[in-house]
Amino acid sequence: MRFPHSSLILCATQRCGSTMIVEDMRNATVLGHPEEWFVPWQASKPDINWRQALSGVIKRATSANGIAAIKVMANQIAPVEACLVTFMDAPRDTPYARFAEITQNCTFIKIQRDDIVFQAISRVISRQTGINHATGKKGDEHFAGNRMDGYSSDYNAQAKYQYGKIREECLNITLENLVWTRFFEMYGIVPEVLRYEEVSTDGTLEHINMMARLSGVELPLNRASRKMVKLGNARNDEWRNQFYSDLGSREM
């Protein structure tokens, strides 16, 4: 059992901008139904038929035109592999071999945030505020959870700068990116790369045009516009400057 040919696998890490890209894909209506469908997968859960669960994931991820799409975080690959072990033989003796098997012939798209300090800060602030996303206007319907209904620039005013937490997340992000790098190396995958810094400011949505070309589908002329807006503000900038200052005095 595999994802259909021409499926899109979004390879992500938390706070890399992947939900924004998922919104753009959903608005396109022909690029599958991308979500983190593997979130609940844990081999320790009793009495779950993981073969049936995989079939359900593929079905939910597939749009009417037969294109499937799924977002996978780096820290989800190992739990998924542990579930696949319960019903699949390994096609080769390498890590994540079963995950590679079910995604064979798919297009891998690596979502990357070049500034991992900003990404780490975003993780720390989101945990303190409980807010992961925001819409531009109040009342805008949106699929993302833990969101602010209409952006307010003071939402993170009470967040507390924590050098150690930011440093820890910089390390976590680096290691998570290495998980994807190693996976691509082991299975000869050359992913398309989408950079947050470019995609977040690209009003032409060239990344969606690229996905459509790779999947061999035509995009509808009229599509909904993106409702999600960037959360980062001057406080993120201040923390970044403070972090680099502390880094120079503490680590050198």
# chains A, B, ... in the order shown; residues from 1 in each chain; ligands from 1
call {"tool": "select_by_dssp", "arguments": {"residues": "region 30-237 of chain A", "states": "helix (DSSP H, G or I)", "output": "ChimeraX atom specification"}}
result
/A:50-61,74-84,97-102,116-129,163-186,196-199,206-215,234-237
call {"tool": "select_by_dssp", "arguments": {"residues": "region 87-167 of chain A", "states": "strand (DSSP E or B)", "output": "list in words"}}
result
Thr107, Phe108, Ile109, Lys110, Ile111, Gln112, His133, Ala134, Thr135, Arg147 and Met148 of chain A
call {"tool": "residues_around", "arguments": {"residues": "Phe108 (chain A)", "least_positions_apart": "3", "cutoff": "8 Å", "atoms": "only C-alpha atoms", "output": "list in words"}}
result
Leu8, Ile9, Leu10, Cys11, Ile189, Val190, Pro191 and Glu192 of chain A
call {"tool": "write_last_selection", "arguments": {"atoms": "C-alpha atoms", "output": "PDB file, in the first residue's frame"}}
result
ATOM      1  CA  LEU A   8       2.940  15.553  -2.455  1.00  0.00           C
ATOM      2  CA  ILE A   9       4.847  14.945   0.777  1.00  0.00           C
ATOM      3  CA  LEU A  10       5.465  18.176   2.684  1.00  0.00           C
ATOM      4  CA  CYS A  11       8.570  17.685   4.827  1.00  0.00           C
ATOM      5  CA  ILE A 189      15.560  11.802  -2.971  1.00  0.00           C
ATOM      6  CA  VAL A 190      16.147  15.293  -4.300  1.00  0.00           C
ATOM      7  CA  PRO A 191      13.345  17.358  -2.780  1.00  0.00           C
ATOM      8  CA  GLU A 192      11.937  20.586  -4.036  1.00  0.00           C
TER       9      GLU A 192
END
call {"tool": "closest_residue", "arguments": {"among": "A:Lys227, A:Arg15, A:His142, A:His133", "to": "Tyr155 (chain A)", "atoms": "only C-alpha atoms"}}
result
A:His133
call {"tool": "closest_residue", "arguments": {"among": "A:Lys160, A:Arg98, A:His33, A:Lys137", "to": "Glu238 (chain A)", "atoms": "only C-alpha atoms"}}
result
A:Lys160
call {"tool": "closest_residue", "arguments": {"among": "A:Asn172, A:Thr181, A:Gln52, A:Gln76", "to": "Phe99 (chain A)", "atoms": "only C-alpha atoms"}}
result
A:Gln76
call {"tool": "residues_around", "arguments": {"residues": "region 3-5 of chain A", "least_positions_apart": "6", "cutoff": "8 Å", "atoms": "only C-alpha atoms", "output": "list in words"}}
result
Ile58, Gly66, Ile67, Ala68, Ile102, Thr103, Gln104, Asn105 and Cys106 of chain A
call {"tool": "residues_around", "arguments": {"residues": "Asp237 (chain A)", "least_positions_apart": "2", "cutoff": "12 Å", "atoms": "only C-alpha atoms", "output": "PDB file with C-alpha atoms, in the first residue's frame"}}
result
ATOM      1  CA  ASP A 115      16.726  31.784   9.954  1.00  0.00           C
ATOM      2  CA  VAL A 117      16.856  31.674  15.409  1.00  0.00           C
ATOM      3  CA  PHE A 118      13.599  33.301  14.333  1.00  0.00           C
ATOM      4  CA  GLN A 119      12.075  29.819  14.056  1.00  0.00           C
ATOM      5  CA  ILE A 121      11.878  32.229  18.924  1.00  0.00           C
ATOM      6  CA  SER A 122       8.564  31.485  17.241  1.00  0.00           C
ATOM      7  CA  TYR A 161      12.705  36.161  26.842  1.00  0.00           C
ATOM      8  CA  LEU A 231       2.710  36.436  13.691  1.00  0.00           C
ATOM      9  CA  GLY A 232       6.257  37.731  14.165  1.00  0.00           C
ATOM     10  CA  ASN A 233       6.628  41.390  15.123  1.00  0.00           C
ATOM     11  CA  ALA A 234       9.085  43.807  16.735  1.00  0.00           C
ATOM     12  CA  ARG A 235       9.266  41.636  19.859  1.00  0.00           C
ATOM     13  CA  TRP A 239      14.610  38.712  21.094  1.00  0.00           C
ATOM     14  CA  ARG A 240      16.743  37.810  18.091  1.00  0.00           C
ATOM     15  CA  ASN A 241      19.107  40.729  18.763  1.00  0.00           C
ATOM     16  CA  GLN A 242      19.240  39.845  22.460  1.00  0.00           C
ATOM     17  CA  PHE A 243      19.903  36.182  21.690  1.00  0.00           C
ATOM     18  CA  TYR A 244      22.880  36.971  19.460  1.00  0.00           C
TER      19      TYR A 244
END
call {"tool": "atom_distance", "arguments": {"atom1": "CA of Phe87 (chain A)", "atom2": "CA of Asn49 (chain A)"}}
result
8.7 Å
